[in-house]
Amino acid sequence: MTSKRKNGFDNGSQMKKSRNSGDDFSQCPDFHDNATMNKEAEAGIIESISLKNFMCHANMEFSLGPNVNFLIGNNGSGKSAVLTAIMIGLGGKASVTNRGSTLKNFIKTGKRTAEISIKLRNLGPDAYRHDVYGDYIVVERKLSYDGAGSYKLKNANLNVVDSRKDELVAILDHFSIQVDNPVAILTQEASKTFLHSKSPHDKYKFFLKATQLEQTKHDYVNAEESKRCASEIIKEKGKLVPEMEKEVLHWRQKFEACESLDTLKDKIFHLKQELAWAIIGEREKSLLPLSKELKSETLRTPKFDQKVEESEAEVKQVGDEHSKLQEKVKRLREEAEALKPQRVAARNNCIEKKGEVKRNQEDYRKICLERDSVAGDKKQIEQRIKELRQKDYSDYDEQRRARRDRICNLELQLSSHQDRMKTIDNDLMQFKAAISTIQQELSQERHAEKTVLNTVRNTEAQLVTLESARTNTLSRYGSWMPEAIRRIEDAFRRGRFTKKPIGPIGANISLRDPKWALAIEICLGRPLCAGFLVDNFNDERVLEEIFTQVCTQRNQKPSIFTSKFQSVLFNVQKNTTPYPSILDMLVIQDPIVSNCIIDQRGVEGILLFENSEEAADVMQGRPPNGFNQAYTIGGDLMVSYPVFRIYSSDKNRAQFLTPSVEDVIRQLRNELNQHNSQLQKLKLKIKCLEADEKKNVAEKEKLDAAIRKLRQNMSSHEMEINELKNFEEPQPMDVSTLESDINELDAKLRELNSKADDQLEKVSIAQHNLAEAERQSNELTKLLVSAADSLEPIRTRFEELGDELEMARRNQKHYLMKKKEHEKKLLQLQQECNAKTADLQSDLEKAQQICDRIQTSRSAQNIEIEIRQIEKRIMSEEKIRGDRNEITQTYHKKREVYENVKRELNQIENFLQKLEESLHVRNQWFCQQRESLSLRTRLNFIVFLSERDYSGTLEISHTDETIEPIIQPKAKRGSQLQASSSKSLSGGEKSFSTACFVLALWDGTSSPFRCLDEYDVFMDMVNRRITMDMMMKFAAGKPGCQFIFLSPLDISGVLTDQTRAQIKMRIFEMHPPERGLTQNTADDNEEDAD
C-alpha cells in the first residue's frame, strides 16, 4: 500500500489547507468545516463487516454508522479481531497487523478457511466507477489454511466485477484508504510501539509513518543512491575513452598506409575488362555449332509433315470402307432382329399350347383316378357287407381282461421310470453344481496366475532397471532417464532453457534414516519423486518436447512442476512434538526442491510413527496442532480430519529413495523366486481342476443321455396306455347304410364316365393346335438361320478392315509422335540458341558498360591466371600490412563507436546534473512540507491540551529525529511554561497527552475512516471523560469521516447527554467470551441525533 501512495500526504496537506483557510488556531482545528464537509460521508466509509471463521468469530455480521462507532466488550470478546479483519480484508499483509506471521494464523482453530466481507459506500461525485459498482462496493477476501487466498470485488447487486488485487489497490487509492497507516488504523501493538514508548525516536518514526513522509524520504534516498551508482559507472567508463582514442589513431595510420596498393588493383581492373571481352569471344565461338544443328533440324521438318499426311490419307481410305461394311452389317442385323420377336412369339405360343395339352391330359387323368377310386370304394363296401352278413359275433370278455392287465403293467413301468428320473435329476444337479464350483475356482486361479505373471514381469523389468542403475543411479527412474538428462544438459548449453530444470526430484533428496524410505516415498508419490522443476512455461514446453522424444511410454512420462525459482527457503512454522515429521527426515541441499515438496505435499504437517497402534492412538485422539496426517513405517496413511481414516499401503519397498541398490536387487530376486514358485503351484492346481472339470462334464453328458432315453420310454408307455383306455369295442353293424352308400357310388361312377369322355375330346383338340404352332415356329427358325449364314462373310471382311484401320492408326500415331519429338527437339534447340544469344547479348551489354570492345587474342583462362597471380601478390602485401577492407571497416567502426560513447557520456552527465538539481529542489520541498506538517501538528497538540487546562508543546527535532512532548498540567494564566517531559506525568495524564497527540496527527490524515483500539485503558475517569469529549467534538467537526473506537470499558458514564444529542453514533456491545459458542454476535445500540 505504501509503495502505491508515495505522495499521499501531499493531497491530504493541500486538502487541509483549503479547509482551514481563515481559521483561528486558538480554537480546535477542523471542528467546524465548510458546507461541503458538513454532510455525511458519501464514499469510502465502511457500511458493514461480515466475518466467518476469522480468529475467535465463527459467524459475525454488523453494520457501522457513518460517523461515530463504539465497539465495547471485555478482553477476549473479539474487538481487536474486528480491527484486524478490516486490515486483512482490505488487502493488508499479516505482518501489518502484528497478530501473526502468516494469514493462516487468522483462521479459527479447527477450520480450513476463513472469509471476510467489507461493504464500502460508493456515492457522490467521488464514487469509484459508479456505473460498474453502483452505490456500494463489497470486498470479499477468502483465506485458506494451505496458504492460498482470493479476492472478490462485487457491486451493489452482489455480482462479481473483478477478482484482481490491482483493482482493490486502485479502489483504496481512490478513497485514500491506508490500512498500513497507524494513524488511520491504530492497533494496540502500534500504540505500544510508538505512542506508549518512552523513546522520542519512536514517536518521531510514528509521526513520519502517519504523515507518509517516511515513504517519501525512502524514495528520495533510493534516488540519491541510484544517482551515485550511475555516477560511479560513468566515471569508470570515462577512463576507457583515452584508450579508445589511442586505438582509433592506430587504425587511422594503418588505413593511410594501404594507399600504395592502388596501382596493382588498377592493373587487376584493366585485366578484368579484357577478361570480360575474352569470355564474350569464347561464347560467340561456342554458339556456332548450336546454330548449325538448329538449321539442319529445320530442313528435316517437311519430311515429317509428308509422312504424317500419308498416314492420315490411309486412315481415311480404310475408315470409309470400314464404315460402309459397318452399315451393311447393321442393316442385316436389324432384319434378323426383326424376326426374333416373331420367333419368340411362336415359341411362346408352342409353350402355351403344350401347357394346354398337359392341363387337359392331367384333368383327364384325375377324372380316371377318381373313377377308379370310387369303383374301389364300392368294391370294399360290397366285401364288408358280405363279411358282416357272414360273421358270428362272439364274447369280448377275454380281450377286455388282457387290456386291463396290459394297462396295469405299463403303469408300473411308468412309475419305475419316474422314480429313476428323479434320481438321475438329483445326480445331474450335483454334477452341475460341481462343474460350476470348479469353473469358479478355475477363474479365480487363472486370474491369480495372470496377476502373479504380471508381477513377475514387473519385477523382472525392475531388476533390469536396477541392474543398469548400478553404474547410473538415474536408471532407477527409467531406462530412458540418462538420455533425457543428457539432452537437457545439451539444450541448456545451447540456451534453450532460461534456467536449467531440476530433476528427477527424488535424486536431490536423501534421508536422515533409511528406514523411513518406504513411508516417505509413498507420501511423495511417483509423480513428485520422478518429476522435474522448471522456472517458467517456456522451459516447460522445451522439457515436454524432450520427454516426448525419449520416453516411448506415455504413462511413464515424468510430471513437470512450473514455479518461479526462489533461493530462499519457505519459513515453515515448526510445532513441538515428540514425533518426527517427514520434513525432519529429509536432507535437501537445494531450497527450490524443498519449497516444491512443501508446497505440493505439505510435508511439514505430516508425522512419522514406527508403531501402527501408537499412530492410531495419537491421530484418533488429540493429534498435535497443525498435524492432520501421519504415515507408519510400513507406509500406511492415517488421517484425523474431518474423521479418522486409515489407508493401507500395497507396496513393500521403496524404489527411488533407497540408498543401496544392491539390497533392493537382492530383495527383488528373492521375491522373483517366490513368485515363480507360486506360479508353478498355480499352474499345477489349474491342471488338476481342468481334469476334474472334464471328468464331471463327461458324467453329466451320460446322465443327459439316460434322461432322454427315459423320457422316450415314458412317452411311449403313456401313449400306449391312452390307446388301450380309449379302445372302442365293435357294435353290431346295420348293412342298410352300406347298401345306400353303394347306390350313391353307382350314380357317381356314371357321372365320372361322362366327364372322362368329354375331357378326352378336349385333349385331342389341344394336340392338333400344338402341332400347328410348332410348324410356324420351325419356319421362323429357318429364316433366322438363313440370315445368319449371309451375314457371316460380310462380318469376316468387316473384321479384316478393322485390323487394317487399327494398323493405319498406329502408323499415324507413330509419325505424329516422331513429328512431335522433332518439333520438341527443334523447340529446345531454338530456346537454347535464343537463351545463349540472350545471355551473350546481356554479357555484351554488360561488357560495353564496363568498357568499349577490346580485341584480344588471349584466352580467358590465361587472363584469369594473371589476375590470380596479381591478387596473390596483393594478399602477400596485405598479410604484412593487413587487409585494406578490414582495416577500413575496423577504422570507421572504431571511430564511430568512439564518437557514440563520447556523445552518450556527455548526454548522461548532463542528465545526471539536471537530476541532481531536481533532487535538490525536491529535498527543499520535502523539508518545507515536513516543517509545515510539524507546525500544524504542534499547534493542534497545544489546542487539544488546552481542553483540560493543560499547557505544553511538542519539541520536534528533524536533525535528531525526535519528538518530545513537553506538558505542564493545569497551567495558570500568566505562569511561565516549565519544561517537564512525559516521564514525570501520571498514567492518566500520559494517556491524555497520547490522545492529544493522536488527534493532532488525525488532522493531517485524509483517510475516510479512522480506527482507534483501547485508547482509554490507562485513563482515570476525569481524563477519560475529557478525552472522550475532545474526540466527539473532533468527530462532530468532521461528519464526512467515520470513526471506530474500541474499548474494554463501559462508556455510558463518559458520554454526556449533550454529546449523544449532537453526534450520530452507534454502540456495539461485544458478548463476553464463552466456551462452546459456535457464533459470536454483537448487540447493536444505535443512537441518532440531528
# chains A, B, ... in the order shown; residues from 1 in each chain; ligands from 1
$ select_by_dssp --residues "range 436-678 of chain A" --states "strand (DSSP E)" --output "list in words"
Ser510, Leu511, Phe532, Leu533, Val534, Ile560, Phe561, Thr562, Leu586, Val587, Ile606, Leu607, Leu608, Phe609, Gln629, Ala630, Tyr631, Thr632, Leu637, Met638, Val639, Arg645, Ile646 and Tyr647 of chain A
$ atom_distance --atom1 "CA of Gln776 in chain A" --atom2 "CA of Arg359 in chain A"
22.3 Å
$ residues_around --residues "range 686-696 of chain A" --least-positions-apart "6" --cutoff "12 Å" --atoms "only C-alpha atoms" --output "PDB file with N, CA and C atoms, in the first residue's frame"
ATOM      1  N   ASP A 427     -28.760 -86.470  -9.301  1.00  0.00           N
ATOM      2  CA  ASP A 427     -27.332 -86.623  -9.627  1.00  0.00           C
ATOM      3  C   ASP A 427     -26.872 -85.541 -10.601  1.00  0.00           C
ATOM      4  N   LEU A 428     -27.750 -85.193 -11.559  1.00  0.00           N
ATOM      5  CA  LEU A 428     -27.379 -84.194 -12.570  1.00  0.00           C
ATOM      6  C   LEU A 428     -27.180 -82.821 -11.926  1.00  0.00           C
ATOM      7  N   MET A 429     -28.037 -82.478 -10.976  1.00  0.00           N
ATOM      8  CA  MET A 429     -27.885 -81.195 -10.281  1.00  0.00           C
ATOM      9  C   MET A 429     -26.575 -81.141  -9.502  1.00  0.00           C
ATOM     10  N   GLN A 430     -26.204 -82.282  -8.890  1.00  0.00           N
ATOM     11  CA  GLN A 430     -24.947 -82.304  -8.142  1.00  0.00           C
ATOM     12  C   GLN A 430     -23.752 -82.109  -9.074  1.00  0.00           C
ATOM     13  N   PHE A 431     -23.815 -82.790 -10.246  1.00  0.00           N
ATOM     14  CA  PHE A 431     -22.704 -82.635 -11.207  1.00  0.00           C
ATOM     15  C   PHE A 431     -22.631 -81.201 -11.731  1.00  0.00           C
ATOM     16  N   LYS A 432     -23.800 -80.586 -12.002  1.00  0.00           N
ATOM     17  CA  LYS A 432     -23.796 -79.202 -12.478  1.00  0.00           C
ATOM     18  C   LYS A 432     -23.208 -78.261 -11.420  1.00  0.00           C
ATOM     19  N   ALA A 433     -23.604 -78.471 -10.160  1.00  0.00           N
ATOM     20  CA  ALA A 433     -23.049 -77.639  -9.085  1.00  0.00           C
ATOM     21  C   ALA A 433     -21.539 -77.833  -8.964  1.00  0.00           C
ATOM     22  N   ALA A 434     -21.092 -79.097  -9.088  1.00  0.00           N
ATOM     23  CA  ALA A 434     -19.647 -79.362  -9.012  1.00  0.00           C
ATOM     24  C   ALA A 434     -18.909 -78.684 -10.160  1.00  0.00           C
ATOM     25  N   ILE A 435     -19.507 -78.738 -11.369  1.00  0.00           N
ATOM     26  CA  ILE A 435     -18.864 -78.103 -12.538  1.00  0.00           C
ATOM     27  C   ILE A 435     -18.793 -76.590 -12.337  1.00  0.00           C
ATOM     28  N   SER A 436     -19.901 -75.981 -11.832  1.00  0.00           N
ATOM     29  CA  SER A 436     -19.907 -74.534 -11.597  1.00  0.00           C
ATOM     30  C   SER A 436     -18.844 -74.149 -10.567  1.00  0.00           C
ATOM     31  N   THR A 437     -18.738 -74.937  -9.500  1.00  0.00           N
ATOM     32  CA  THR A 437     -17.731 -74.637  -8.470  1.00  0.00           C
ATOM     33  C   THR A 437     -16.324 -74.715  -9.044  1.00  0.00           C
ATOM     34  N   ILE A 438     -16.085 -75.775  -9.846  1.00  0.00           N
ATOM     35  CA  ILE A 438     -14.751 -75.945 -10.449  1.00  0.00           C
ATOM     36  C   ILE A 438     -14.442 -74.783 -11.395  1.00  0.00           C
ATOM     37  N   GLN A 439     -15.467 -74.364 -12.171  1.00  0.00           N
ATOM     38  CA  GLN A 439     -15.244 -73.255 -13.109  1.00  0.00           C
ATOM     39  C   GLN A 439     -14.936 -71.957 -12.362  1.00  0.00           C
ATOM     40  N   GLN A 440     -15.641 -71.714 -11.232  1.00  0.00           N
ATOM     41  CA  GLN A 440     -15.328 -70.519 -10.440  1.00  0.00           C
ATOM     42  C   GLN A 440     -13.914 -70.579  -9.894  1.00  0.00           C
ATOM     43  N   GLU A 441     -13.526 -71.772  -9.372  1.00  0.00           N
ATOM     44  CA  GLU A 441     -12.154 -71.907  -8.868  1.00  0.00           C
ATOM     45  C   GLU A 441     -11.144 -71.711  -9.992  1.00  0.00           C
ATOM     46  N   LEU A 442     -11.483 -72.274 -11.168  1.00  0.00           N
ATOM     47  CA  LEU A 442     -10.584 -72.104 -12.314  1.00  0.00           C
ATOM     48  C   LEU A 442     -10.430 -70.622 -12.667  1.00  0.00           C
ATOM     49  N   SER A 443     -11.566 -69.890 -12.681  1.00  0.00           N
ATOM     50  CA  SER A 443     -11.496 -68.455 -12.999  1.00  0.00           C
ATOM     51  C   SER A 443     -10.646 -67.717 -11.985  1.00  0.00           C
ATOM     52  N   GLN A 444     -10.824 -68.035 -10.704  1.00  0.00           N
ATOM     53  CA  GLN A 444     -10.033 -67.369  -9.669  1.00  0.00           C
ATOM     54  C   GLN A 444      -8.550 -67.699  -9.795  1.00  0.00           C
ATOM     55  N   GLU A 445      -8.272 -68.992 -10.014  1.00  0.00           N
ATOM     56  CA  GLU A 445      -6.863 -69.396 -10.119  1.00  0.00           C
ATOM     57  C   GLU A 445      -6.206 -68.807 -11.360  1.00  0.00           C
ATOM     58  N   ARG A 446      -6.966 -68.765 -12.481  1.00  0.00           N
ATOM     59  CA  ARG A 446      -6.394 -68.154 -13.692  1.00  0.00           C
ATOM     60  C   ARG A 446      -6.146 -66.662 -13.499  1.00  0.00           C
ATOM     61  N   HIS A 447      -7.081 -65.979 -12.805  1.00  0.00           N
ATOM     62  CA  HIS A 447      -6.856 -64.558 -12.505  1.00  0.00           C
ATOM     63  C   HIS A 447      -5.633 -64.391 -11.604  1.00  0.00           C
ATOM     64  N   ALA A 448      -5.510 -65.282 -10.604  1.00  0.00           N
ATOM     65  CA  ALA A 448      -4.333 -65.214  -9.734  1.00  0.00           C
ATOM     66  C   ALA A 448      -3.054 -65.487 -10.531  1.00  0.00           C
ATOM     67  N   GLU A 449      -3.143 -66.460 -11.460  1.00  0.00           N
ATOM     68  CA  GLU A 449      -1.974 -66.766 -12.298  1.00  0.00           C
ATOM     69  C   GLU A 449      -1.572 -65.549 -13.133  1.00  0.00           C
ATOM     70  N   LEU A 679       3.789 -69.346  -9.054  1.00  0.00           N
ATOM     71  CA  LEU A 679       3.225 -69.511 -10.399  1.00  0.00           C
ATOM     72  C   LEU A 679       3.168 -70.986 -10.785  1.00  0.00           C
ATOM     73  N   GLN A 680       4.196 -71.783 -10.449  1.00  0.00           N
ATOM     74  CA  GLN A 680       4.197 -73.207 -10.754  1.00  0.00           C
ATOM     75  C   GLN A 680       3.095 -73.929  -9.999  1.00  0.00           C
ATOM     76  N   LYS A 702     -23.446 -88.294 -19.780  1.00  0.00           N
ATOM     77  CA  LYS A 702     -24.061 -89.628 -19.665  1.00  0.00           C
ATOM     78  C   LYS A 702     -25.440 -89.549 -19.027  1.00  0.00           C
ATOM     79  N   LEU A 703     -25.568 -88.755 -17.974  1.00  0.00           N
ATOM     80  CA  LEU A 703     -26.873 -88.601 -17.310  1.00  0.00           C
ATOM     81  C   LEU A 703     -27.874 -87.932 -18.235  1.00  0.00           C
TER      82      LEU A 703
END
$ atom_distance --atom1 "CA of Pro504 in chain A" --atom2 "CA of Tyr145 in chain A"
28.8 Å
$ residues_around --residues "Asn753 in chain A" --least-positions-apart "3" --cutoff "10 Å" --atoms "only C-alpha atoms" --output "list in words"
Ile367, Cys368, Arg371, Lys748, Leu749, Arg750, Ala756, Asp757 and Asp758 of chain A
$ write_last_selection --atoms "N, CA and C atoms" --output "compact mmCIF listing (two decimals), in the first residue's frame"
# COMPACT_ATOMS: atom_id res chain seq x y z
N ILE A 367 -59.75 -87.43 -63.49
CA ILE A 367 -61.10 -87.99 -63.56
C ILE A 367 -61.04 -89.52 -63.55
N CYS A 368 -60.04 -90.08 -64.29
CA CYS A 368 -59.91 -91.54 -64.32
C CYS A 368 -59.55 -92.08 -62.95
N ARG A 371 -62.52 -92.01 -60.77
CA ARG A 371 -63.44 -93.09 -61.16
C ARG A 371 -62.95 -94.42 -60.62
N LYS A 748 -72.39 -91.87 -58.95
CA LYS A 748 -71.18 -91.06 -59.15
C LYS A 748 -70.30 -91.65 -60.25
N LEU A 749 -70.28 -93.01 -60.39
CA LEU A 749 -69.48 -93.65 -61.46
C LEU A 749 -70.04 -93.28 -62.83
N ARG A 750 -71.35 -93.22 -62.93
CA ARG A 750 -71.93 -92.85 -64.22
C ARG A 750 -71.56 -91.41 -64.59
N ALA A 756 -65.19 -88.13 -68.32
CA ALA A 756 -63.97 -88.65 -68.94
C ALA A 756 -64.08 -88.60 -70.45
N ASP A 757 -65.25 -88.89 -71.04
CA ASP A 757 -65.41 -88.84 -72.48
C ASP A 757 -65.25 -87.41 -73.00
N ASP A 758 -65.86 -86.44 -72.28
CA ASP A 758 -65.75 -85.03 -72.71
C ASP A 758 -64.30 -84.54 -72.63
$ closest_residue --among "A:Asn778, A:Gln674, A:Gln549, A:Ser296" --to "Ala346 in chain A" --atoms "only C-alpha atoms"
A:Asn778
$ select_by_dssp --residues "range 449-557 of chain A" --states "alpha helix (DSSP H)" --output "PyMOL selection string"
chain A and resi 449-469+481-493+517-529+537-550
$ atom_distance --atom1 "CA of Ala630 in chain A" --atom2 "CA of Gly110 in chain A"
17.5 Å
$ residues_around --residues "Val901 in chain A" --least-positions-apart "6" --cutoff "12 Å" --atoms "only C-alpha atoms" --output "JSON list (two decimals) with all heavy atoms, in the first residue's frame"
[["chain", "number", "residue", "atom", "x", "y", "z"],
["A", 234, "ILE", "N", 29.64, 5.94, -14.79],
["A", 234, "ILE", "CA", 30.10, 6.87, -15.82],
["A", 234, "ILE", "C", 31.58, 7.19, -15.62],
["A", 234, "ILE", "O", 32.35, 7.31, -16.58],
["A", 234, "ILE", "CB", 29.24, 8.14, -15.77],
["A", 234, "ILE", "CG1", 27.82, 7.81, -16.24],
["A", 234, "ILE", "CG2", 29.84, 9.25, -16.61],
["A", 234, "ILE", "CD1", 26.85, 8.96, -16.06],
["A", 237, "LYS", "N", 33.52, 4.29, -16.95],
["A", 237, "LYS", "CA", 33.53, 4.27, -18.42],
["A", 237, "LYS", "C", 34.34, 5.43, -18.99],
["A", 237, "LYS", "O", 34.91, 5.31, -20.09],
["A", 237, "LYS", "CB", 32.10, 4.33, -18.94],
["A", 237, "LYS", "CG", 31.32, 3.04, -18.72],
["A", 237, "LYS", "CD", 29.97, 3.07, -19.40],
["A", 237, "LYS", "CE", 29.26, 1.75, -19.23],
["A", 237, "LYS", "NZ", 27.93, 1.73, -19.92],
["A", 238, "GLY", "N", 34.37, 6.55, -18.28],
["A", 238, "GLY", "CA", 35.15, 7.69, -18.76],
["A", 238, "GLY", "C", 36.63, 7.39, -18.84],
["A", 238, "GLY", "O", 37.37, 7.98, -19.64],
["A", 239, "LYS", "N", 37.10, 6.44, -18.00],
["A", 239, "LYS", "CA", 38.51, 6.06, -18.05],
["A", 239, "LYS", "C", 38.87, 5.33, -19.35],
["A", 239, "LYS", "O", 40.04, 5.28, -19.72],
["A", 239, "LYS", "CB", 38.85, 5.19, -16.85],
["A", 239, "LYS", "CG", 38.71, 5.89, -15.51],
["A", 239, "LYS", "CD", 39.02, 4.95, -14.36],
["A", 239, "LYS", "CE", 38.87, 5.65, -13.01],
["A", 239, "LYS", "NZ", 39.13, 4.73, -11.87],
["A", 240, "LEU", "N", 37.86, 4.72, -20.00],
["A", 240, "LEU", "CA", 38.12, 3.97, -21.23],
["A", 240, "LEU", "C", 38.23, 4.86, -22.45],
["A", 240, "LEU", "O", 38.68, 4.41, -23.51],
["A", 240, "LEU", "CB", 37.00, 2.93, -21.44],
["A", 240, "LEU", "CG", 36.79, 1.93, -20.33],
["A", 240, "LEU", "CD1", 35.60, 1.04, -20.65],
["A", 240, "LEU", "CD2", 38.03, 1.07, -20.14],
["A", 241, "VAL", "N", 37.77, 6.12, -22.36],
["A", 241, "VAL", "CA", 37.75, 6.99, -23.55],
["A", 241, "VAL", "C", 39.15, 7.26, -24.08],
["A", 241, "VAL", "O", 39.40, 7.18, -25.30],
["A", 241, "VAL", "CB", 36.99, 8.30, -23.22],
["A", 241, "VAL", "CG1", 37.09, 9.29, -24.38],
["A", 241, "VAL", "CG2", 35.54, 7.99, -22.90],
["A", 242, "PRO", "N", 40.16, 7.58, -23.25],
["A", 242, "PRO", "CA", 41.52, 7.80, -23.81],
["A", 242, "PRO", "C", 42.07, 6.57, -24.53],
["A", 242, "PRO", "O", 42.72, 6.69, -25.57],
["A", 242, "PRO", "CB", 42.35, 8.16, -22.58],
["A", 242, "PRO", "CG", 41.37, 8.68, -21.60],
["A", 242, "PRO", "CD", 40.12, 7.91, -21.81],
["A", 244, "MET", "N", 40.31, 4.26, -26.04],
["A", 244, "MET", "CA", 39.61, 4.16, -27.33],
["A", 244, "MET", "C", 40.15, 5.18, -28.33],
["A", 244, "MET", "O", 40.29, 4.88, -29.53],
["A", 244, "MET", "CB", 38.11, 4.38, -27.12],
["A", 244, "MET", "CG", 37.44, 3.30, -26.26],
["A", 244, "MET", "SD", 35.69, 3.64, -25.93],
["A", 244, "MET", "CE", 35.04, 3.48, -27.57],
["A", 245, "GLU", "N", 40.50, 6.36, -27.87],
["A", 245, "GLU", "CA", 41.04, 7.40, -28.77],
["A", 245, "GLU", "C", 42.39, 6.96, -29.33],
["A", 245, "GLU", "O", 42.68, 7.12, -30.53],
["A", 245, "GLU", "CB", 41.17, 8.72, -28.00],
["A", 245, "GLU", "CG", 41.62, 9.88, -28.88],
["A", 245, "GLU", "CD", 41.66, 11.18, -28.10],
["A", 245, "GLU", "OE1", 41.46, 11.14, -26.86],
["A", 245, "GLU", "OE2", 41.90, 12.23, -28.72],
["A", 894, "LYS", "N", 35.49, 1.64, -35.30],
["A", 894, "LYS", "CA", 36.03, 2.08, -34.01],
["A", 894, "LYS", "C", 35.87, 3.59, -33.84],
["A", 894, "LYS", "O", 35.61, 4.08, -32.74],
["A", 894, "LYS", "CB", 37.50, 1.67, -33.88],
["A", 894, "LYS", "CG", 37.67, 0.16, -33.69],
["A", 894, "LYS", "CD", 39.07, -0.21, -33.33],
["A", 894, "LYS", "CE", 39.18, -1.70, -33.04],
["A", 894, "LYS", "NZ", 38.41, -2.07, -31.82],
["A", 895, "ARG", "N", 36.02, 4.33, -34.97],
["A", 895, "ARG", "CA", 35.81, 5.78, -34.86],
["A", 895, "ARG", "C", 34.36, 6.10, -34.52],
["A", 895, "ARG", "O", 34.09, 6.98, -33.68],
["A", 895, "ARG", "CB", 36.21, 6.45, -36.19],
["A", 895, "ARG", "CG", 36.17, 7.97, -36.11],
["A", 895, "ARG", "CD", 36.55, 8.58, -37.43],
["A", 895, "ARG", "NE", 35.57, 8.25, -38.46],
["A", 895, "ARG", "CZ", 35.66, 8.64, -39.75],
["A", 895, "ARG", "NH1", 36.71, 9.35, -40.14],
["A", 895, "ARG", "NH2", 34.73, 8.30, -40.61],
["A", 907, "GLN", "N", 25.80, 13.20, -22.78],
["A", 907, "GLN", "CA", 24.35, 13.28, -22.54],
["A", 907, "GLN", "C", 23.99, 12.81, -21.13],
["A", 907, "GLN", "O", 23.17, 13.42, -20.44],
["A", 907, "GLN", "CB", 23.60, 12.44, -23.58],
["A", 907, "GLN", "CG", 23.68, 13.01, -24.99],
["A", 907, "GLN", "CD", 23.02, 12.09, -26.02],
["A", 907, "GLN", "OE1", 22.62, 10.98, -25.69],
["A", 907, "GLN", "NE2", 22.95, 12.56, -27.26],
["A", 908, "ILE", "N", 24.59, 11.68, -20.70],
["A", 908, "ILE", "CA", 24.28, 11.15, -19.38],
["A", 908, "ILE", "C", 24.76, 12.10, -18.28],
["A", 908, "ILE", "O", 24.08, 12.30, -17.27],
["A", 908, "ILE", "CB", 24.90, 9.75, -19.21],
["A", 908, "ILE", "CG1", 24.24, 8.75, -20.19],
["A", 908, "ILE", "CG2", 24.74, 9.24, -17.78],
["A", 908, "ILE", "CD1", 24.90, 7.40, -20.22]]
$ closest_residue --among "A:Thr1005, A:Thr953, A:Ser510, A:Gln861" --to "Leu933 in chain A" --atoms "only C-alpha atoms"
A:Thr1005
